[in-house]
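J.: Okay, so here is coords_27.tsv, and as you'll see once you scroll down, it has TSV, C-alpha atoms and all ligand atoms.
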```tsv
chain	number	residue	atom	x	y	z
Q	1	MET	CA	142.67	60.10	84.90
Q	2	GLY	CA	141.23	62.28	87.62
Q	3	LEU	CA	141.03	66.04	87.40
Q	4	LEU	CA	143.68	66.49	90.05
Q	5	ASP	CA	146.23	64.39	88.20
Q	6	ASN	CA	147.17	67.46	86.24
Q	7	PHE	CA	148.32	69.12	89.43
Q	8	TYR	CA	150.43	66.25	90.66
Q	9	LYS	CA	153.87	66.25	89.17
Q	10	ASN	CA	156.28	63.37	88.72
Q	11	ILE	CA	159.77	63.62	90.11
Q	12	GLY	CA	163.12	61.93	89.57
Q	13	ILE	CA	165.47	61.38	92.50
Q	14	ASP	CA	169.17	60.55	92.42
Q	15	LEU	CA	170.01	59.99	96.05
Q	16	GLY	CA	173.79	59.63	96.00
Q	17	THR	CA	176.37	59.11	98.70
Q	18	ALA	CA	177.84	62.54	97.93
Q	19	ASN	CA	175.07	64.47	96.12
Q	20	THR	CA	171.28	64.43	95.88
Q	21	LEU	CA	169.60	65.62	92.69
Q	22	LEU	CA	165.91	66.11	91.97
Q	23	TYR	CA	164.23	66.48	88.60
Q	24	LEU	CA	160.74	67.96	88.46
Q	25	GLU	CA	158.49	67.10	85.52
Q	26	GLY	CA	158.18	70.01	83.12
Q	27	ARG	CA	160.92	71.94	84.91
Q	28	GLY	CA	164.22	70.07	84.88
Q	29	ILE	CA	166.79	69.79	87.66
Q	30	VAL	CA	165.50	71.68	90.70
Q	31	VAL	CA	167.83	70.39	93.42
Q	32	GLN	CA	171.54	69.57	93.26
Q	33	GLU	CA	173.01	69.59	96.75
Q	34	PRO	CA	175.34	67.55	98.98
Q	35	THR	CA	173.71	64.61	100.80
Q	36	LEU	CA	174.52	66.09	104.19
Q	37	VAL	CA	172.71	67.00	107.36
Q	38	SER	CA	173.90	68.86	110.42
Q	39	LEU	CA	172.36	67.95	113.73
Q	40	ASN	CA	172.39	69.51	117.15
Q	41	ASN	CA	173.71	66.52	119.08
Q	42	ARG	CA	172.22	67.74	122.33
Q	43	THR	CA	168.66	67.82	121.03
Q	44	GLY	CA	168.93	65.65	117.91
Q	45	GLN	CA	167.29	68.49	115.99
Q	46	ILE	CA	168.18	69.01	112.31
Q	47	LEU	CA	169.89	72.38	111.86
Q	48	ALA	CA	170.69	72.38	108.17
Q	49	VAL	CA	170.45	70.20	105.07
Q	50	GLY	CA	172.47	70.06	101.84
Q	51	GLU	CA	174.43	73.16	100.80
Q	52	GLU	CA	173.66	74.83	104.14
Q	53	ALA	CA	175.00	71.84	106.07
Q	54	LYS	CA	178.15	71.84	103.95
Q	55	LYS	CA	178.83	75.47	104.88
Q	56	MET	CA	178.71	74.41	108.54
Q	57	LEU	CA	181.36	71.71	107.97
Q	58	ASP	CA	184.27	74.15	108.15
Q	59	ARG	CA	183.31	75.89	111.34
Q	60	THR	CA	181.39	73.29	113.30
Q	61	PRO	CA	181.01	74.06	117.01
Q	62	ALA	CA	181.30	71.09	119.35
Q	63	HIS	CA	177.57	70.54	119.72
Q	64	ILE	CA	176.93	70.18	115.98
Q	65	THR	CA	177.58	66.96	114.04
Q	66	THR	CA	177.43	66.69	110.28
Q	67	ILE	CA	176.30	63.32	108.96
Q	68	LYS	CA	176.16	61.59	105.62
Q	69	PRO	CA	173.17	59.22	105.79
Q	70	LEU	CA	174.30	57.06	102.86
Q	71	MET	CA	177.33	54.79	102.83
Q	72	ASN	CA	178.61	53.39	99.55
Q	73	GLY	CA	175.32	54.10	97.84
Q	74	VAL	CA	173.23	52.37	100.52
Q	75	ILE	CA	170.95	54.09	103.05
Q	76	SER	CA	172.62	53.64	106.43
Q	77	ASP	CA	170.42	56.08	108.32
Q	78	PHE	CA	166.77	55.75	107.34
Q	79	GLU	CA	165.38	58.59	109.49
Q	80	THR	CA	167.90	61.16	108.31
Q	81	THR	CA	167.52	60.16	104.67
Q	82	GLN	CA	163.78	60.59	104.99
Q	83	GLU	CA	164.28	64.03	106.53
Q	84	ILE	CA	166.60	65.08	103.71
Q	85	LEU	CA	164.13	63.99	101.02
Q	86	ARG	CA	161.23	65.56	102.84
Q	87	TYR	CA	163.18	68.81	103.13
Q	88	PHE	CA	164.06	68.94	99.42
Q	89	LEU	CA	160.55	67.98	98.33
Q	90	HIS	CA	159.14	70.66	100.56
Q	91	LYS	CA	161.62	73.20	99.24
Q	92	ILE	CA	160.56	72.72	95.63
Q	93	LYS	CA	156.90	72.51	96.57
Q	94	ASN	CA	157.15	76.03	97.96
Q	95	GLN	CA	158.00	77.23	94.48
Q	96	SER	CA	154.67	76.04	93.11
Q	97	PHE	CA	151.15	75.26	94.18
Q	98	TRP	CA	150.82	71.50	93.93
Q	99	SER	CA	150.61	69.73	97.20
Q	100	ARG	CA	152.11	66.31	96.58
Q	101	TYR	CA	154.00	64.27	94.06
Q	102	LYS	CA	152.49	61.53	91.98
Q	103	THR	CA	155.21	59.19	90.87
Q	104	ALA	CA	158.82	59.22	91.97
Q	105	LEU	CA	161.51	57.55	89.88
Q	106	VAL	CA	164.44	56.77	92.10
Q	107	ALA	CA	167.83	55.74	90.77
Q	108	ILE	CA	169.43	52.85	92.63
Q	109	PRO	CA	172.73	50.97	92.43
Q	110	THR	CA	172.36	47.54	90.80
Q	111	ASN	CA	173.71	45.60	93.75
Q	112	LEU	CA	171.04	46.45	96.35
Q	113	THR	CA	169.48	43.59	98.26
Q	114	GLU	CA	165.68	43.18	98.36
Q	115	VAL	CA	165.65	44.75	101.80
Q	116	GLU	CA	167.70	47.74	100.65
Q	117	ARG	CA	165.45	48.25	97.62
Q	118	LYS	CA	162.41	48.13	99.89
Q	119	SER	CA	164.05	50.67	102.15
Q	120	VAL	CA	164.51	53.10	99.22
Q	121	GLU	CA	160.83	52.68	98.32
Q	122	ASP	CA	159.69	53.20	101.90
Q	123	VAL	CA	161.82	56.27	102.45
Q	124	THR	CA	160.49	57.88	99.27
Q	125	ILE	CA	156.85	57.21	100.17
Q	126	ALA	CA	157.46	58.42	103.73
Q	127	ALA	CA	158.93	61.63	102.33
Q	128	GLY	CA	155.79	62.33	100.32
Q	129	ALA	CA	155.66	60.47	96.99
Q	130	GLY	CA	152.48	58.72	95.84
Q	131	ARG	CA	154.21	55.73	94.26
Q	132	VAL	CA	157.75	54.72	93.45
Q	133	PHE	CA	159.60	53.10	90.58
Q	134	LEU	CA	163.20	52.09	91.00
Q	135	VAL	CA	165.48	52.56	88.00
Q	136	GLU	CA	168.97	51.10	87.91
Q	137	GLU	CA	171.60	53.79	87.73
Q	138	PRO	CA	173.47	52.53	84.66
Q	139	ILE	CA	170.22	52.58	82.69
Q	140	ALA	CA	169.40	56.09	83.87
Q	141	THR	CA	172.95	57.16	82.99
Q	142	ALA	CA	172.71	55.69	79.51
Q	143	ILE	CA	169.36	57.38	78.85
Q	144	GLY	CA	170.67	60.66	80.29
Q	145	ALA	CA	173.70	60.44	78.01
Q	146	ARG	CA	171.39	59.69	75.04
Q	147	LEU	CA	173.03	56.36	74.36
Q	148	PRO	CA	170.85	54.03	72.24
Q	149	VAL	CA	169.32	51.81	74.93
Q	150	GLU	CA	166.28	50.57	73.06
Q	151	GLU	CA	168.18	49.32	70.06
Q	152	ALA	CA	170.11	46.09	70.00
Q	153	THR	CA	173.32	47.67	71.16
Q	154	THR	CA	175.55	47.00	74.13
Q	155	ASN	CA	177.09	49.77	76.21
Q	156	MET	CA	179.66	49.76	78.94
Q	157	ILE	CA	179.29	52.45	81.59
Q	158	ILE	CA	181.59	53.14	84.52
Q	159	ASN	CA	179.92	55.44	87.06
Q	160	ILE	CA	182.43	56.75	89.59
Q	161	GLY	CA	180.47	58.38	92.40
Q	162	GLY	CA	181.32	59.40	95.94
Q	163	GLY	CA	180.95	56.02	97.63
Q	164	THR	CA	180.83	53.48	94.83
Q	165	THR	CA	182.06	52.79	91.35
Q	166	GLU	CA	179.61	50.79	89.31
Q	167	ILE	CA	180.95	49.09	86.23
Q	168	SER	CA	178.05	47.94	84.05
Q	169	ILE	CA	177.31	46.42	80.71
Q	170	ILE	CA	173.77	47.10	79.56
Q	171	SER	CA	172.01	45.82	76.50
Q	172	VAL	CA	168.60	45.97	74.88
Q	173	GLY	CA	166.23	47.81	77.16
Q	174	GLY	CA	168.10	47.33	80.35
Q	175	ALA	CA	169.55	43.87	81.04
Q	176	VAL	CA	172.51	44.57	83.24
Q	177	ILE	CA	175.68	42.80	84.13
Q	178	SER	CA	177.43	44.82	86.74
Q	179	LYS	CA	180.04	45.01	89.41
Q	180	SER	CA	180.06	47.47	92.27
Q	181	LEU	CA	183.28	48.58	93.99
Q	182	LYS	CA	183.75	50.64	97.13
Q	183	ILE	CA	186.57	52.50	95.45
Q	184	ALA	CA	185.29	55.92	94.36
Q	185	GLY	CA	185.59	59.64	95.21
Q	186	GLN	CA	185.76	59.25	98.97
Q	187	LYS	CA	188.39	56.52	98.74
Q	188	LEU	CA	190.53	58.82	96.58
Q	189	ASN	CA	190.16	61.52	99.26
Q	190	ASP	CA	191.29	59.01	101.90
Q	191	ASP	CA	194.25	58.00	99.73
Q	192	ILE	CA	195.28	61.66	99.53
Q	193	SER	CA	194.96	62.27	103.31
Q	194	LYS	CA	197.02	59.16	103.98
Q	195	PHE	CA	199.70	60.20	101.48
Q	196	VAL	CA	200.01	63.72	102.95
Q	197	LYS	CA	200.25	62.18	106.41
Q	198	GLU	CA	203.05	59.82	105.42
Q	199	GLU	CA	204.95	62.17	103.11
Q	200	PHE	CA	204.68	65.43	105.07
Q	201	LYS	CA	203.77	64.19	108.58
Q	202	LEU	CA	200.75	66.46	108.32
Q	203	LEU	CA	197.11	65.76	109.15
Q	204	ILE	CA	194.48	67.25	106.83
Q	205	GLY	CA	190.68	66.95	106.81
Q	206	GLU	CA	188.56	65.35	104.07
Q	207	PRO	CA	187.43	68.68	102.56
Q	208	THR	CA	191.09	69.64	102.04
Q	209	ALA	CA	191.92	66.26	100.52
Q	210	GLU	CA	188.97	66.65	98.13
Q	211	GLU	CA	190.13	70.15	97.15
Q	212	LEU	CA	193.57	68.77	96.35
Q	213	LYS	CA	192.02	66.05	94.20
Q	214	ILE	CA	189.79	68.44	92.26
Q	215	ASN	CA	192.23	71.34	91.93
Q	216	ILE	CA	195.51	69.57	91.19
Q	217	GLY	CA	194.77	65.85	90.81
Q	218	SER	CA	195.05	63.81	87.62
Q	219	ALA	CA	195.13	60.19	86.51
Q	220	ILE	CA	198.00	60.67	84.05
Q	221	GLY	CA	200.88	63.13	83.67
Q	222	VAL	CA	199.85	66.70	82.86
Q	223	GLU	CA	201.61	69.52	80.97
Q	224	GLU	CA	200.51	72.35	83.26
Q	225	LYS	CA	202.21	72.95	86.59
Q	226	LEU	CA	199.61	72.03	89.20
Q	227	GLU	CA	200.33	72.61	92.88
Q	228	MET	CA	198.50	73.87	95.91
Q	229	PRO	CA	199.48	75.04	99.41
Q	230	VAL	CA	197.54	73.32	102.19
Q	231	ARG	CA	197.41	73.83	105.92
Q	232	GLY	CA	197.20	70.96	108.33
Q	233	ARG	CA	198.26	69.89	111.79
Q	234	ASP	CA	201.87	68.85	112.25
Q	235	MET	CA	201.90	65.34	113.71
Q	236	ALA	CA	204.95	65.97	115.88
Q	237	THR	CA	204.23	69.42	117.30
Q	238	GLY	CA	200.43	69.44	117.02
Q	239	LEU	CA	200.70	72.95	115.55
Q	240	PRO	CA	199.37	74.20	112.21
Q	241	ARG	CA	201.85	74.00	109.32
Q	242	GLU	CA	201.65	74.66	105.59
Q	243	VAL	CA	203.09	72.54	102.77
Q	244	VAL	CA	202.92	72.77	98.98
Q	245	VAL	CA	201.45	69.65	97.44
Q	246	LYS	CA	202.17	68.86	93.78
Q	247	ASN	CA	200.25	67.03	91.08
Q	248	THR	CA	202.81	64.21	91.16
Q	249	HIS	CA	202.00	63.60	94.84
Q	250	ILE	CA	198.28	63.27	94.14
Q	251	ARG	CA	198.91	61.00	91.19
Q	252	ALA	CA	201.06	58.73	93.31
Q	253	ALA	CA	198.49	58.78	96.13
Q	254	ILE	CA	195.52	57.68	94.01
Q	255	HIS	CA	197.26	55.45	91.50
Q	256	ARG	CA	196.57	52.16	93.26
Q	257	SER	CA	192.83	52.87	93.53
Q	258	LEU	CA	192.54	53.89	89.88
Q	259	LYS	CA	194.44	50.77	88.91
Q	260	ALA	CA	191.96	48.66	90.89
Q	261	ILE	CA	189.06	50.22	88.93
Q	262	VAL	CA	190.61	49.35	85.56
Q	263	GLU	CA	191.53	45.84	86.69
Q	264	GLU	CA	187.89	45.20	87.68
Q	265	THR	CA	186.80	46.62	84.34
Q	266	LYS	CA	189.04	44.20	82.46
Q	267	THR	CA	187.77	41.28	84.53
Q	268	LEU	CA	184.14	42.24	83.81
Q	269	ILE	CA	184.85	42.45	80.06
Q	270	GLU	CA	186.50	39.03	80.16
Q	271	SER	CA	183.45	37.50	81.83
Q	272	THR	CA	180.97	39.05	79.38
Q	273	PRO	CA	179.42	36.81	76.69
Q	274	PRO	CA	181.37	37.20	73.42
Q	275	GLU	CA	178.29	38.22	71.40
Q	276	LEU	CA	177.94	41.31	73.59
Q	277	VAL	CA	181.61	42.18	73.81
Q	278	GLY	CA	182.09	42.87	70.09
Q	279	ASP	CA	179.46	45.58	69.91
Q	280	MET	CA	180.55	47.09	73.21
Q	281	LEU	CA	184.17	47.31	72.14
Q	282	THR	CA	183.31	49.23	68.97
Q	283	ARG	CA	181.08	51.64	70.87
Q	284	GLY	CA	183.63	52.12	73.63
Q	285	ILE	CA	183.44	52.79	77.36
Q	286	TYR	CA	181.47	55.72	78.83
Q	287	LEU	CA	182.52	57.31	82.11
Q	288	ALA	CA	179.94	59.03	84.33
Q	289	GLY	CA	179.60	60.27	87.94
Q	290	GLY	CA	181.59	63.07	89.59
Q	291	GLY	CA	184.74	60.93	89.74
Q	292	SER	CA	184.94	60.90	85.93
Q	293	LEU	CA	185.82	64.63	86.09
Q	294	LEU	CA	189.30	63.74	87.35
Q	295	ARG	CA	191.79	65.11	84.80
Q	296	GLY	CA	192.94	62.51	82.29
Q	297	LEU	CA	190.83	59.67	83.68
Q	298	ASP	CA	189.42	58.88	80.22
Q	299	LYS	CA	192.95	58.65	78.76
Q	300	PHE	CA	194.06	56.48	81.67
Q	301	VAL	CA	191.18	54.01	81.27
Q	302	GLU	CA	191.62	53.98	77.49
Q	303	LYS	CA	195.31	53.16	77.79
Q	304	GLU	CA	194.88	50.49	80.46
Q	305	VAL	CA	191.84	48.70	79.06
Q	306	THR	CA	192.72	49.46	75.40
Q	307	VAL	CA	189.16	50.45	74.55
Q	308	LYS	CA	188.06	53.92	73.37
Q	309	THR	CA	186.79	55.83	76.44
Q	310	THR	CA	184.56	58.92	76.60
Q	311	VAL	CA	183.27	60.99	79.54
Q	312	VAL	CA	179.51	61.63	79.15
Q	313	ASP	CA	178.33	65.26	79.02
Q	314	ASP	CA	177.85	66.78	82.47
Q	315	PRO	CA	178.62	63.54	84.34
Q	316	LEU	CA	177.35	64.77	87.73
Q	317	THR	CA	173.78	65.10	86.39
Q	318	SER	CA	173.52	62.27	83.85
Q	319	VAL	CA	171.60	59.92	86.20
Q	320	VAL	CA	168.92	62.46	87.15
Q	321	ARG	CA	168.65	63.75	83.57
Q	322	GLY	CA	168.03	60.13	82.52
Q	323	LEU	CA	165.23	59.88	85.08
Q	324	GLY	CA	163.90	63.14	83.62
Q	325	VAL	CA	163.80	61.73	80.10
Q	326	ILE	CA	161.89	58.69	81.39
Q	327	LEU	CA	159.34	60.61	83.43
Q	328	GLU	CA	158.59	63.06	80.65
Q	329	ASP	CA	157.56	60.07	78.53
Q	330	MET	CA	156.58	57.23	80.85
Q	331	ASN	CA	154.69	55.21	78.24
Q	332	LYS	CA	157.70	54.99	75.99
Q	333	TYR	CA	159.84	53.62	78.82
Q	334	ASP	CA	157.20	51.25	80.13
Q	335	ALA	CA	159.46	48.22	79.61
Q	336	ILE	CA	162.21	49.73	81.70
Q	337	LEU	CA	159.83	50.65	84.51
Q	338	SER	CA	158.27	47.22	84.68
Q	339	ASN	CA	161.67	45.57	84.59
Q	340	GLN	CA	161.84	45.42	88.37
Q	341	GLN	CA	163.48	42.04	88.72
Q	342	LYS	CA	166.82	41.86	90.37
Q	343	PRO	CA	169.58	42.24	87.81
Q	344	LYS	CA	172.30	39.70	87.48
Q	345	GLN	CA	175.31	40.30	89.68
Q	346	VAL	CA	178.60	38.82	88.76
Q	347	ASN	CA	180.80	37.64	91.54
Q	348	LEU	CA	184.32	37.93	90.32
M	401	LIG	N1	186.58	67.70	89.16
M	401	LIG	C1	186.56	66.58	89.88
M	401	LIG	N2	187.62	65.73	89.87
M	401	LIG	C2	187.61	64.61	90.60
M	401	LIG	N3	186.56	64.20	91.36
M	401	LIG	C3	185.48	65.01	91.40
M	401	LIG	C4	185.42	66.22	90.67
M	401	LIG	N4	184.19	66.80	90.90
M	401	LIG	C5	183.55	65.97	91.75
M	401	LIG	N5	184.32	64.91	92.06
M	401	LIG	C6	183.99	63.80	92.97
M	401	LIG	O1	182.79	63.19	92.57
M	401	LIG	C7	182.20	62.55	93.71
M	401	LIG	C8	180.71	62.79	93.69
M	401	LIG	O2	180.18	62.26	92.52
M	401	LIG	P1	178.62	61.91	92.38
M	401	LIG	O3	177.81	63.10	92.72
M	401	LIG	O4	178.45	61.31	91.04
M	401	LIG	O5	178.48	60.82	93.54
M	401	LIG	P2	177.14	60.22	94.19
M	401	LIG	O6	176.19	59.89	93.10
M	401	LIG	O7	176.64	61.13	95.24
M	401	LIG	O8	177.71	58.92	94.89
M	401	LIG	P3	177.30	57.36	94.70
M	401	LIG	O9	176.88	57.22	93.28
M	401	LIG	O10	178.55	56.63	95.04
M	401	LIG	O11	176.22	57.12	95.67
M	401	LIG	C9	182.86	63.15	94.95
M	401	LIG	O12	183.67	62.17	95.57
M	401	LIG	C10	183.72	64.28	94.38
M	401	LIG	O13	184.92	64.44	95.09
M	402	MG	MG	175.68	58.35	91.88
```
Do you think you could lay out the structure here as structure tokens?
Ligand SMILES: Nc1ncnc2c1ncn2[C@@H]1O[C@H](COP(=O)(O)OP(=O)(O)OP(=O)(O)O)[C@@H](O)[C@H]1O
Ligand SMILES: [Mg+2]

T.:
Amino acid sequence: MGLLDNFYKNIGIDLGTANTLLYLEGRGIVVQEPTLVSLNNRTGQILAVGEEAKKMLDRTPAHITTIKPLMNGVISDFETTQEILRYFLHKIKNQSFWSRYKTALVAIPTNLTEVERKSVEDVTIAAGAGRVFLVEEPIATAIGARLPVEEATTNMIINIGGGTTEISIISVGGAVISKSLKIAGQKLNDDISKFVKEEFKLLIGEPTAEELKINIGSAIGVEEKLEMPVRGRDMATGLPREVVVKNTHIRAAIHRSLKAIVEETKTLIESTPPELVGDMLTRGIYLAGGGSLLRGLDKFVEKEVTVKTTVVDDPLTSVVRGLGVILEDMNKYDAILSNQQKPKQVNL
């Protein structure tokens, strides 16, 4: 080990469709911001990244575009993704004196192709990391949630993010059977916009749909009276109009998508080898990702799949916290880091 190694820190990166999180060795989570960039579309120049770009969303002048460079967990805009990472790495570097990062652990969905995995590696190196290890998200989630991954146990994890829901079964040190769906947070927002359009003949934007979901949405019936006034554009007159949306509306709007997630979960359980299923069923299902914060989603999954279901602690950060646990003790997790082969995908 060279003298300078002490100055180079390792980092963990969870580059999500909705949110990007960074974990800095010895520090903890140092970045948790939306994966967003606003560009001046005349000059192509980046005006703001993350939280700052989100603020611009509401009052965007015509010459500014806000873009999300990931689609369904996959990098769709390499240049912009690189700029985002570079920006965040630079931001945390300013808080300290080290000049570059040694190893980056990057969480990836299990269904990436070789080319997509390579693209994640390249973007991370281009943004300033010395070397890169890819860690599958369900494994990072399990470690972040302190589930027993090294022992001979089997865990089922459903990570509901912004762009994708990953349903995975992991056992002993990281073998993964998983299924990735494009039904997640953004799809629920779309469902809500569509419902409001059909029911109230009113057009609302995605930020409003997301607010409705978070503030008054639920997967099952709730005791409390949840409703929210929203403003949109009347489809007939083109003028602004306000309506009061109720919890029952949101539930109806998102029901079909939630049902699709549990149906896929059941199918994955049915296709899992019996010797793994027994252990998994006693341990239960763990929900992670921002989508798992939807009111009553655990109860809904538990009722539909008939398996005990728990939301992990702080589900928005479990992936990056898992990367943190690994990078604070890289030798211990050697097996997971060298397990770079492509995991098995089930085509159902
Ligand atoms: N309280 C809440 N109720 C329902 N959904 C929520 C809540 N809080 C956040 N979300 C949703 O969680 C999603 C973001 O979750 P997360 O940060 O885990 O996604 P991501 O990792 O960026 O995406 P992906 O894993 O698909 O690439 C958003 O769609 C957001 O609307
Ligand atoms: Mg995610």

J.: What do you get as a CSV table (one decimal) with C-alpha atoms, in the frame of the given file if you pick all residues at most 6 Å from ligand LIG 401 (chain M), counting all atoms listed in the file?

T.:
```
chain,number,residue,atom,x,y,z
Q,16,GLY,CA,173.8,59.6,96.0
Q,17,THR,CA,176.4,59.1,98.7
Q,18,ALA,CA,177.8,62.5,97.9
Q,19,ASN,CA,175.1,64.5,96.1
Q,72,ASN,CA,178.6,53.4,99.6
Q,73,GLY,CA,175.3,54.1,97.8
Q,161,GLY,CA,180.5,58.4,92.4
Q,162,GLY,CA,181.3,59.4,95.9
Q,163,GLY,CA,181.0,56.0,97.6
Q,164,THR,CA,180.8,53.5,94.8
Q,185,GLY,CA,185.6,59.6,95.2
Q,186,GLN,CA,185.8,59.2,99.0
Q,210,GLU,CA,189.0,66.6,98.1
Q,213,LYS,CA,192.0,66.0,94.2
Q,214,ILE,CA,189.8,68.4,92.3
Q,289,GLY,CA,179.6,60.3,87.9
Q,290,GLY,CA,181.6,63.1,89.6
Q,291,GLY,CA,184.7,60.9,89.7
Q,293,LEU,CA,185.8,64.6,86.1
Q,294,LEU,CA,189.3,63.7,87.4
Q,316,LEU,CA,177.4,64.8,87.7
```

J.: Could you jot down the atom CA of Met235 of chain Q to atom CA of Glu198 of chain Q separation for me, Å, one decimal place?

T.: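 Separation between atom CA of Met235 of chain Q and atom CA of Glu198 of chain Q: 10.0 Å.
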
J.: At a cut-off of 12 Å and counting only C-alpha atoms and all ligand atoms, what residues surround ligand MG 402 (chain M)? Please answer as a PyMOL selection string.

T.: chain Q and resi 13-21+34-35+70-74+106-110+136-138+140-141+158-166+180+184-185+287-292+315-320

J.: From the set Q:Lys299, Q:Lys266, Q:Lys194, Q:Lys182, which residue has the shortest atom-to-atom contact distance to Ile220 of chain Q, counting only C-alpha atoms?

T.: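 Of Q:Lys299, Q:Lys266, Q:Lys194, Q:Lys182, the one nearest Ile220 of chain Q, counting only C-alpha atoms, is Q:Lys299.
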
J.: Using only C-alpha atoms, which of Q:Arg256, Q:Leu268, Q:Ile92, Q:Val172 sits nearest Gln32 of chain Q?

T.: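 Ranking Q:Arg256, Q:Leu268, Q:Ile92, Q:Val172 by distance to Gln32 of chain Q, first place goes to Q:Ile92.
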
J.: When you look at segment 258-263 of chain Q with a cut-off of 8 Å (counting only C-alpha atoms), what residues show up, excluding the ones that are within fewer than 2 positions of it in the same chain? I need them as a list of chain:residue names.

T.: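 Residues meeting the cut-off are Q:Thr165, Q:Leu181, Q:Ile183, Q:Ala219, Q:Ile254, Q:His255, Q:Arg256, Q:Thr265, Q:Lys266, Q:Thr267, Q:Val301, Q:Glu304, Q:Val305.
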
J.: So how far away is atom CA of Gly205 of chain Q from atom CA of Lys246 of chain Q, in Å?

T.: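 Calculated distance between atom CA of Lys246 of chain Q and atom CA of Gly205 of chain Q is 17.5 Å.
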
J.: With all atoms listed in the file as the basis for distance, which of Q:Leu297, Q:Leu323, Q:Ile170, Q:Ile269 is at the shortest distance from Ser218 of chain Q?

T.: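 Between Q:Leu297, Q:Leu323, Q:Ile170, Q:Ile269, the residue approaching Ser218 of chain Q most closely is Q:Leu297.
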
J.: Need to verify the contact set: Ser171 of chain Q, 12 Å, all atoms listed in the file, exclusion of same-chain residues closer than 6 positions in sequence. Can you return it as a list of chain:residue names?

T.: Q:Pro138, Q:Ile139, Q:Ala142, Q:Leu147, Q:Pro148, Q:Val149, Q:Glu150, Q:Glu151, Q:Ala152, Q:Thr153, Q:Thr154, Q:Asn155, Q:Met156, Q:Ile157, Q:Ile177, Q:Ser178, Q:Thr272, Q:Pro273, Q:Glu275, Q:Leu276, Q:Val277, Q:Asp279, Q:Met280, Q:Ile336

J.: Distance atom CA of Glu206 of chain Q-atom CA of Lys54 of chain Q, one decimal place?

T.: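 It comes out at 12.3 Å.
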
J.: Given only C-alpha atoms as the basis, pick out the residue of Q:Ala252, Q:Ala209, Q:Ile125, Q:Leu202 nearest to Ala236 of chain Q.

T.: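 Closest to Ala236 of chain Q of all the choices is Q:Leu202.
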
J.: So that I can see what lies close to Arg321 of chain Q, please list as a list of chain:residue names the residues with an atom at most 9 Å from it, counting only C-alpha atoms and leaving out residues fewer than 6 positions away in the same chain.

T.: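 These residues fall inside the cut-off: Q:Gly12, Q:Tyr23, Q:Gly28, Q:Ile29, Q:Ala140, Q:Thr141, Q:Ile143, Q:Gly144, Q:Ala145.
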
J.: Quick one: residues within 10 Å of Val244 of chain Q, all atoms listed in the file counted, chain neighbours fewer than 2 positions away excluded, as a ChimeraX atom specification?

T.: /Q:200,227-231,242,246

J.: Excluding Thr103 of chain Q and its own-chain neighbours fewer than 4 positions away, which residues fall within 8 Å of it when counting only C-alpha atoms? Please give them as a ChimeraX atom specification.

T.: /Q:9-11,129-133

J.: Just checking: using all atoms listed in the file, which residue out of Q:Thr81, Q:Thr208, Q:Ser193, Q:Thr124 ends up closest to Gly50 of chain Q?

T.: Q:Thr81

J.: Closest to Val31 of chain Q among Q:Leu47, Q:Lys93, Q:Pro274, Q:Tyr286, using all atoms listed in the file?

T.: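 Looking at the shortest contact to Val31 of chain Q, the residue is Q:Lys93.
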
J.: Around the point (163.7, 50.5, 103.7), in the coordinates given by the file, pick out the residues reaching within 12 Å, counting all atoms listed in the file, and return them as a PyMOL selection string.

T.: chain Q and resi 74-79+81-82+112-126
